[in-house]
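Quick notes on the structure that follows.
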Amino acid sequence: MKEVEFLIFFQPVVRTRAIAKGDPMSDPDRSLPARPSLEQLRKQAKELLRDYRNHDRDAVERFHAHHPRAVSDEAVALADAQLVLARDYGFPSWARLKHHVESLQRPADFDEPLWGRDTWPFLTAVYRGDEEAVRRMLARDPSLAGAEYAYLQPLHYAVRAGRIEMVRLLLDAGADPLAEGWSGKFGDEIRDDTPLARARDRELHEIATLLEAAAGSRPRSISAERTAPSTPERELEDEMMRICHRGKIKSAVEMIEEHPGIAQAGLYEAVHQNHPELVRILLERGAKATTPWRWACWYTPLMHSLRYRKPRYDIAQLLLDHGVEPDETNGMGMTTLHIVAGQGTVDAARWLLDRGADIHSRDREFESTPLAWAARAGREDMVRFLLSRGASPVHPDDEPWATPIAWARRRSHAKLLSLLSGSLLPP
């Protein structure tokens with residue numbers, strides 16, 4: 001039995017072409033608009049459900065074409081209509097359609113003065129595989145080949161979508177196969193988050209070979225710090241951030257009295273630098289805990305309050321008391337539970353789960369659950385804890401490369417691999 005398990009989990013993976021989680025699985029019956037809306041898709045699903053219950057011919061035919069089983073109009077539910085709608089658009093599940101749409105939506109924390117007006121349209125064109133739009137935008141501004149959002153460059157998006165022709169196009173335009181990436185800057189559990197590393201992680205062997213050739217023997221790149229153009233409003237916000245970074249309560253209150261509305265600019269740094277009394281004052285004086293700040297593409301305030309070895313539960317509770325949800329995400333769809341799972345802070349994970357955090361949520365960048373993040377980082381204590389709280393190593397719609405077992409295998413965490421595969425055996 002053990003020999004069989006060894007062959008299953010250690011055999012080389014052969015994968016030459018990927019269907020990314022956001023990509024259609026076949027030629028769809030319907031096409032999404034360039035800027036799809038989840039709200040509109042939810043509305044369409046409700047209308048489809050209503051029409052099916054009313055025996056509308058078109059709705060019945062769509063259910064027959066795309067639902068895996070016969071469903072009576074008495075038993076049919078919204079989830080059935082969502083599945084049919086997703087398959088209508090060429091996606092295997094509602095979750096994957098939702099993932100695709102969310103990947104195209106500009107994050108609420110996107111700081112246009114910092115990242116650039118054309119950056120998000122360019123990144124989404126890359127992700128969609130719109131080569132005509134990408135060529136047109138590059139002709140107008142060649143520097144877009146190195147555009148960034150949260151240290152992720154266009155090549156990261158092309159790899160995430162599994163688009164080898166887009167990778168070639170971007171490399172020809174001067175894109176960097178060794179661009180630093182998000183984890184390279186912030187994730188202490190793994191320091192290689194280049195487009196090349198991501199292609200290897202996703203087991204996209206043709207893309208990885210292409211990127212290896214482009215990278216040659218040069219060292220991994222380091223992203224230059226970007227600065228936004230100065231404006232009076234931004235200078236005022238920056239001053240408030242500096243005051244709150246230092247925890248100067250009196251100066252912060254004076255700024256708020258002189259400039260109503262400026263409290264928001266100080267909240268992120270007050271949380272980051274562990275000034276709980278100042279956090280409370282800012283929230284009382286108009287700061288909104290649920291409003292994303294420009295740095296939340298990396299860590300949200302809730303992440304900052306819990307990601308340290310000694311979590312700051314007083315600040316975390318303040319944020320929750322003011323409307324922050326335990327499953328709030330940063331600009332890349334990561335929850336705080338993902339972050340603390342990767343960093344191995346078991347007590348913080350327990351605190352989040354006790355307050356309703358979703359143990360099976362997936363982020364958008366690594367398409368992985370918190371358990372997979374713990375496996376990726378080699379956090380044995382965290383893996384054991386999450387398993388004890390009901391985390392499952394396998395889900396029906398997992399990407400094969402993104403499971404906890406796949407991460408443990410690629411990172412050579414043999415003990416975790418045994419632990420995770422053993423958890424699948426019957427008791």
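So you can find residues: chains in the structure tokens are A, B, ... in the order shown, residues in each start at 1, and ligands are numbered from 1 in order.
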
For this session: Would you list, as a ChimeraX atom specification, the residues of range 278-427 of chain A that end up in helix (DSSP H, G or I) under DSSP run on this structure's backbone?
Result: /A:278-284,301-306,313-321,336-343,346-354,370-377,380-388,400-402,404-410,414-422

Selected residues, C-alpha atoms, written as an mmCIF file, in the first residue's frame, please.
data_model
loop_
_atom_site.group_PDB
_atom_site.id
_atom_site.type_symbol
_atom_site.label_atom_id
_atom_site.label_comp_id
_atom_site.auth_asym_id
_atom_site.auth_seq_id
_atom_site.Cartn_x
_atom_site.Cartn_y
_atom_site.Cartn_z
ATOM 1 C CA LEU A 278 -5.064 55.558 18.181
ATOM 2 C CA VAL A 279 -6.950 52.978 16.088
ATOM 3 C CA ARG A 280 -9.961 53.375 18.388
ATOM 4 C CA ILE A 281 -9.815 57.190 18.137
ATOM 5 C CA LEU A 282 -9.556 57.133 14.343
ATOM 6 C CA LEU A 283 -12.548 54.783 14.071
ATOM 7 C CA GLU A 284 -14.563 57.007 16.409
ATOM 8 C CA PRO A 301 -5.325 46.032 8.439
ATOM 9 C CA LEU A 302 -6.810 42.755 9.742
ATOM 10 C CA MET A 303 -3.836 40.879 8.279
ATOM 11 C CA HIS A 304 -1.439 43.296 9.964
ATOM 12 C CA SER A 305 -3.176 42.824 13.302
ATOM 13 C CA LEU A 306 -2.843 39.007 13.246
ATOM 14 C CA TYR A 313 -6.169 40.656 19.133
ATOM 15 C CA ASP A 314 -7.373 43.930 20.629
ATOM 16 C CA ILE A 315 -6.920 45.711 17.303
ATOM 17 C CA ALA A 316 -8.320 42.759 15.334
ATOM 18 C CA GLN A 317 -11.470 42.772 17.467
ATOM 19 C CA LEU A 318 -11.839 46.533 17.009
ATOM 20 C CA LEU A 319 -11.778 46.024 13.249
ATOM 21 C CA LEU A 320 -14.387 43.268 13.411
ATOM 22 C CA ASP A 321 -16.549 45.400 15.705
ATOM 23 C CA THR A 336 -6.222 36.712 6.669
ATOM 24 C CA LEU A 337 -6.508 32.976 7.312
ATOM 25 C CA HIS A 338 -4.372 32.365 4.211
ATOM 26 C CA ILE A 339 -1.708 34.722 5.556
ATOM 27 C CA VAL A 340 -1.533 33.299 9.081
ATOM 28 C CA ALA A 341 -1.660 29.733 7.699
ATOM 29 C CA GLY A 342 1.379 30.467 5.553
ATOM 30 C CA GLN A 343 3.184 32.056 8.474
ATOM 31 C CA VAL A 346 -1.833 28.701 14.929
ATOM 32 C CA ASP A 347 -3.409 30.844 17.666
ATOM 33 C CA ALA A 348 -4.366 33.515 15.134
ATOM 34 C CA ALA A 349 -5.881 30.859 12.855
ATOM 35 C CA ARG A 350 -7.908 29.543 15.786
ATOM 36 C CA TRP A 351 -9.088 33.080 16.583
ATOM 37 C CA LEU A 352 -10.277 33.596 13.010
ATOM 38 C CA LEU A 353 -12.022 30.227 12.726
ATOM 39 C CA ASP A 354 -13.782 30.803 16.042
ATOM 40 C CA PRO A 370 -5.344 27.911 3.837
ATOM 41 C CA LEU A 371 -4.372 24.252 4.285
ATOM 42 C CA ALA A 372 -2.559 24.396 0.944
ATOM 43 C CA TRP A 373 -0.788 27.585 2.028
ATOM 44 C CA ALA A 374 0.390 25.830 5.186
ATOM 45 C CA ALA A 375 1.609 22.867 3.124
ATOM 46 C CA ARG A 376 3.352 25.193 0.682
ATOM 47 C CA ALA A 377 5.219 26.821 3.561
ATOM 48 C CA GLU A 380 3.456 21.134 10.141
ATOM 49 C CA ASP A 381 1.765 22.513 13.273
ATOM 50 C CA MET A 382 -0.605 24.557 11.127
ATOM 51 C CA VAL A 383 -1.401 21.612 8.857
ATOM 52 C CA ARG A 384 -2.244 19.452 11.876
ATOM 53 C CA PHE A 385 -4.376 22.198 13.392
ATOM 54 C CA LEU A 386 -6.353 22.902 10.216
ATOM 55 C CA LEU A 387 -6.962 19.189 9.685
ATOM 56 C CA SER A 388 -8.224 18.970 13.262
ATOM 57 C CA PRO A 400 -4.435 19.528 -9.515
ATOM 58 C CA TRP A 401 -1.356 21.691 -8.945
ATOM 59 C CA ALA A 402 -2.959 23.766 -6.151
ATOM 60 C CA PRO A 404 -2.110 20.772 -0.259
ATOM 61 C CA ILE A 405 -0.608 17.460 -1.405
ATOM 62 C CA ALA A 406 0.690 18.994 -4.642
ATOM 63 C CA TRP A 407 2.347 21.865 -2.757
ATOM 64 C CA ALA A 408 3.934 19.481 -0.244
ATOM 65 C CA ARG A 409 5.235 17.320 -3.096
ATOM 66 C CA ARG A 410 6.753 20.219 -5.043
ATOM 67 C CA ALA A 414 7.914 14.601 2.816
ATOM 68 C CA LYS A 415 6.518 14.522 6.356
ATOM 69 C CA LEU A 416 3.615 16.769 5.387
ATOM 70 C CA LEU A 417 3.014 14.703 2.267
ATOM 71 C CA SER A 418 2.635 11.591 4.419
ATOM 72 C CA LEU A 419 0.411 13.434 6.885
ATOM 73 C CA LEU A 420 -1.902 14.838 4.201
ATOM 74 C CA SER A 421 -2.157 11.628 2.189
ATOM 75 C CA GLY A 422 -2.808 9.689 5.393
#

Problem set entry | Long-range neighbours of Ile243 in chain A as a ChimeraX atom specification, 9 Å cut-off, only C-alpha atoms, 4 positions minimum in chain | /A:238-239,247-249,251-252,266,269-270

Wanna dump the range 47-105 of chain A-range 155-163 of chain A contacts at 12 Å for me, each residue with its shortest atom pair and the distance in Å to one decimal, counting only C-alpha atoms, ordered by chain and number, as a Markdown table?
| residue | atom | partner | partner_atom | distance |
| --- | --- | --- | --- | --- |
| A:His99 | CA | A:Ala161 | CA | 11.7 |
| A:His100 | CA | A:Ala161 | CA | 9.7 |
| A:Ser103 | CA | A:Tyr157 | CA | 9.7 |
| A:Leu104 | CA | A:Tyr157 | CA | 10.7 |

Convert the current residue selection to file output with N, CA and C atoms, as a short mmCIF file (atom, residue, chain, number, x, y, z; two decimals), in the first residue's frame.
data_model
loop_
_atom_site.label_atom_id
_atom_site.label_comp_id
_atom_site.auth_asym_id
_atom_site.auth_seq_id
_atom_site.Cartn_x
_atom_site.Cartn_y
_atom_site.Cartn_z
N HIS A 99 -14.63 33.11 -10.18
CA HIS A 99 -13.19 33.38 -10.09
C HIS A 99 -12.72 34.20 -11.29
N HIS A 100 -13.17 33.83 -12.47
CA HIS A 100 -12.78 34.53 -13.69
C HIS A 100 -13.24 36.00 -13.63
N SER A 103 -11.30 38.06 -11.17
CA SER A 103 -9.94 38.32 -11.65
C SER A 103 -9.88 39.51 -12.60
N LEU A 104 -11.00 39.82 -13.24
CA LEU A 104 -11.04 40.93 -14.19
C LEU A 104 -11.47 42.25 -13.55
#

Exercise. Between A:His413, A:His395, A:Arg226, A:Arg96, which has the minimum distance to Arg379 in chain A (counting only C-alpha atoms)?
Worked result: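 Comparing A:His413, A:His395, A:Arg226, A:Arg96 against Arg379 in chain A, the winner is A:His413.
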
For this session: For CA of Val324 in chain A and CA of Thr290 in chain A, determine how far apart the two atoms are, in Å to one decimal place.
Result: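 Pair CA of Val324 in chain A / CA of Thr290 in chain A returns 5.5 Å.
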
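Here CA of Glu148 in chain A is placed at a distance of 6.3 Å from CA of Trp115 in chain A.
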
Exercise. A:Glu367, A:Glu258, A:Glu39, A:Glu225: which is nearest Ala150 in chain A, counting only C-alpha atoms?
Worked result: A:Glu225

Exercise. Can you list, as a ChimeraX atom specification, every protein, DNA or RNA residue that comes within 9 Å of range 63-74 of chain A when you count only C-alpha atoms, leaving out same-chain residues fewer than 5 positions away?
Worked result: /A:49,52-55,58,80-81,83-88

For this session: Please measure the separation of CA of Ser412 in chain A and CA of Phe366 in chain A, giving the value in Å to one decimal.
Result: 17.9 Å

Problem set entry | Contacts of Asp109 in chain A at 12 Å (only C-alpha atoms; same-chain gap of 3+ positions) as a ChimeraX atom specification | /A:105-106,112-115,120,149-150,290-300,329-333

Take the residues from that selection and write them out as a PDB file, in the first residue's frame, keeping C-alpha atoms.
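Generated output (again28.pdb):
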ATOM      1  CA  GLN A 105     -12.504  43.394 -11.687  1.00  0.00           C
ATOM      2  CA  ARG A 106     -10.219  46.207 -10.656  1.00  0.00           C
ATOM      3  CA  GLU A 112      -4.166  54.578  -9.857  1.00  0.00           C
ATOM      4  CA  PRO A 113      -1.649  57.402  -9.181  1.00  0.00           C
ATOM      5  CA  LEU A 114       0.838  54.786  -7.966  1.00  0.00           C
ATOM      6  CA  TRP A 115       0.293  51.939 -10.442  1.00  0.00           C
ATOM      7  CA  TRP A 120      -5.253  47.474 -14.909  1.00  0.00           C
ATOM      8  CA  TYR A 149       0.186  45.927  -9.427  1.00  0.00           C
ATOM      9  CA  ALA A 150       1.411  44.736  -6.017  1.00  0.00           C
ATOM     10  CA  THR A 290     -14.083  48.444   5.693  1.00  0.00           C
ATOM     11  CA  THR A 291     -12.642  51.004   3.247  1.00  0.00           C
ATOM     12  CA  PRO A 292      -9.553  49.575   1.480  1.00  0.00           C
ATOM     13  CA  TRP A 293      -6.440  51.728   1.690  1.00  0.00           C
ATOM     14  CA  ARG A 294      -3.820  51.954  -1.043  1.00  0.00           C
ATOM     15  CA  TRP A 295      -1.512  49.380   0.600  1.00  0.00           C
ATOM     16  CA  ALA A 296      -4.218  46.737   1.116  1.00  0.00           C
ATOM     17  CA  CYS A 297      -3.129  45.047  -2.109  1.00  0.00           C
ATOM     18  CA  TRP A 298      -0.455  43.478   0.089  1.00  0.00           C
ATOM     19  CA  TYR A 299      -1.803  43.235   3.630  1.00  0.00           C
ATOM     20  CA  THR A 300      -5.127  44.508   4.940  1.00  0.00           C
ATOM     21  CA  THR A 329      -9.598  39.814   1.265  1.00  0.00           C
ATOM     22  CA  ASN A 330      -6.725  41.882  -0.009  1.00  0.00           C
ATOM     23  CA  GLY A 331      -6.475  42.910  -3.656  1.00  0.00           C
ATOM     24  CA  MET A 332      -5.440  39.403  -4.675  1.00  0.00           C
ATOM     25  CA  GLY A 333      -8.273  37.539  -3.011  1.00  0.00           C
TER      26      GLY A 333
END

Exercise. Quick one: residues within 12 Å of Ala133 in chain A, only C-alpha atoms counted, chain neighbours fewer than 4 positions away excluded, as a VMD selection string?
Worked result: chain A and resid 34 118 121 to 129 137 to 140 166 169

Please write the residues from the selection above to a file, keeping N, CA and C atoms, as a PDB file, in the first residue's frame.
ATOM      1  N   ALA A  34     -16.673  42.095 -22.148  1.00  0.00           N
ATOM      2  CA  ALA A  34     -15.281  42.371 -21.769  1.00  0.00           C
ATOM      3  C   ALA A  34     -15.163  42.715 -20.293  1.00  0.00           C
ATOM      4  N   ASP A 118      -3.305  53.085 -17.083  1.00  0.00           N
ATOM      5  CA  ASP A 118      -3.508  52.033 -18.082  1.00  0.00           C
ATOM      6  C   ASP A 118      -3.112  50.641 -17.585  1.00  0.00           C
ATOM      7  N   PRO A 121      -6.277  47.967 -17.120  1.00  0.00           N
ATOM      8  CA  PRO A 121      -6.782  47.502 -18.425  1.00  0.00           C
ATOM      9  C   PRO A 121      -5.787  46.621 -19.164  1.00  0.00           C
ATOM     10  N   PHE A 122      -4.501  46.941 -19.040  1.00  0.00           N
ATOM     11  CA  PHE A 122      -3.482  46.132 -19.716  1.00  0.00           C
ATOM     12  C   PHE A 122      -3.385  44.742 -19.086  1.00  0.00           C
ATOM     13  N   LEU A 123      -3.359  44.676 -17.759  1.00  0.00           N
ATOM     14  CA  LEU A 123      -3.252  43.385 -17.086  1.00  0.00           C
ATOM     15  C   LEU A 123      -4.456  42.494 -17.395  1.00  0.00           C
ATOM     16  N   THR A 124      -5.631  43.079 -17.452  1.00  0.00           N
ATOM     17  CA  THR A 124      -6.815  42.261 -17.741  1.00  0.00           C
ATOM     18  C   THR A 124      -6.832  41.820 -19.202  1.00  0.00           C
ATOM     19  N   ALA A 125      -6.328  42.659 -20.106  1.00  0.00           N
ATOM     20  CA  ALA A 125      -6.224  42.243 -21.510  1.00  0.00           C
ATOM     21  C   ALA A 125      -5.262  41.064 -21.642  1.00  0.00           C
ATOM     22  N   VAL A 126      -4.163  41.104 -20.885  1.00  0.00           N
ATOM     23  CA  VAL A 126      -3.216  39.980 -20.872  1.00  0.00           C
ATOM     24  C   VAL A 126      -3.905  38.728 -20.345  1.00  0.00           C
ATOM     25  N   TYR A 127      -4.602  38.858 -19.233  1.00  0.00           N
ATOM     26  CA  TYR A 127      -5.258  37.707 -18.608  1.00  0.00           C
ATOM     27  C   TYR A 127      -6.313  37.102 -19.530  1.00  0.00           C
ATOM     28  N   ARG A 128      -7.059  37.951 -20.240  1.00  0.00           N
ATOM     29  CA  ARG A 128      -8.096  37.460 -21.151  1.00  0.00           C
ATOM     30  C   ARG A 128      -7.506  36.859 -22.421  1.00  0.00           C
ATOM     31  N   GLY A 129      -6.241  37.157 -22.712  1.00  0.00           N
ATOM     32  CA  GLY A 129      -5.638  36.677 -23.951  1.00  0.00           C
ATOM     33  C   GLY A 129      -5.978  37.540 -25.148  1.00  0.00           C
ATOM     34  N   MET A 137      -1.879  48.540 -27.035  1.00  0.00           N
ATOM     35  CA  MET A 137      -1.460  49.306 -25.861  1.00  0.00           C
ATOM     36  C   MET A 137       0.053  49.377 -25.756  1.00  0.00           C
ATOM     37  N   LEU A 138       0.752  48.305 -26.131  1.00  0.00           N
ATOM     38  CA  LEU A 138       2.212  48.337 -26.106  1.00  0.00           C
ATOM     39  C   LEU A 138       2.770  49.296 -27.155  1.00  0.00           C
ATOM     40  N   ALA A 139       2.106  49.383 -28.297  1.00  0.00           N
ATOM     41  CA  ALA A 139       2.560  50.319 -29.336  1.00  0.00           C
ATOM     42  C   ALA A 139       2.462  51.755 -28.842  1.00  0.00           C
ATOM     43  N   ARG A 140       1.446  52.005 -28.046  1.00  0.00           N
ATOM     44  CA  ARG A 140       1.255  53.349 -27.490  1.00  0.00           C
ATOM     45  C   ARG A 140       2.180  53.621 -26.314  1.00  0.00           C
ATOM     46  N   MET A 166       0.618  34.570 -25.262  1.00  0.00           N
ATOM     47  CA  MET A 166       0.732  35.870 -24.597  1.00  0.00           C
ATOM     48  C   MET A 166       2.089  35.994 -23.914  1.00  0.00           C
ATOM     49  N   LEU A 169       4.484  36.941 -26.600  1.00  0.00           N
ATOM     50  CA  LEU A 169       4.285  38.338 -26.997  1.00  0.00           C
ATOM     51  C   LEU A 169       4.958  39.277 -25.988  1.00  0.00           C
TER      52      LEU A 169
END

Exercise. Which neighbours of Ser217 in chain A fall inside 12 Å, counting only C-alpha atoms, when residues of the same chain fewer than 4 positions from it are skipped, and could you give them as a ChimeraX atom specification?
Worked result: /A:177-178,211-213,221

Produce a file of the selected residues containing C-alpha atoms, as a PDB file, in the first residue's frame.
ATOM      1  CA  PRO A 177      10.630  36.466 -16.634  1.00  0.00           C
ATOM      2  CA  LEU A 178      12.260  36.999 -13.238  1.00  0.00           C
ATOM      3  CA  LEU A 211      10.687  31.488 -19.539  1.00  0.00           C
ATOM      4  CA  GLU A 212      13.847  29.585 -18.584  1.00  0.00           C
ATOM      5  CA  ALA A 213      15.314  30.305 -21.999  1.00  0.00           C
ATOM      6  CA  SER A 221      15.017  40.968 -10.366  1.00  0.00           C
TER       7      SER A 221
END

Problem set entry | Nearest residue to Gln40 in chain A from the set A:Lys98, A:Glu328, A:Met334, A:Ser230 (distances using only C-alpha atoms) |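 Looking at the shortest contact to Gln40 in chain A, the residue is A:Lys98.
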
Exercise. From the list A:Leu97, A:Thr119, A:Asn274, A:Leu210, which residue is nearest His245 in chain A when using only C-alpha atoms?
Worked result: A:Asn274

Problem set entry | Contacts of Asp358 in chain A within 10 Å, only C-alpha atoms, excl. fewer than 2 positions in-chain, as a ChimeraX atom specification | /A:326-327,335,337,352-353,355-356,360-362,369-370,391
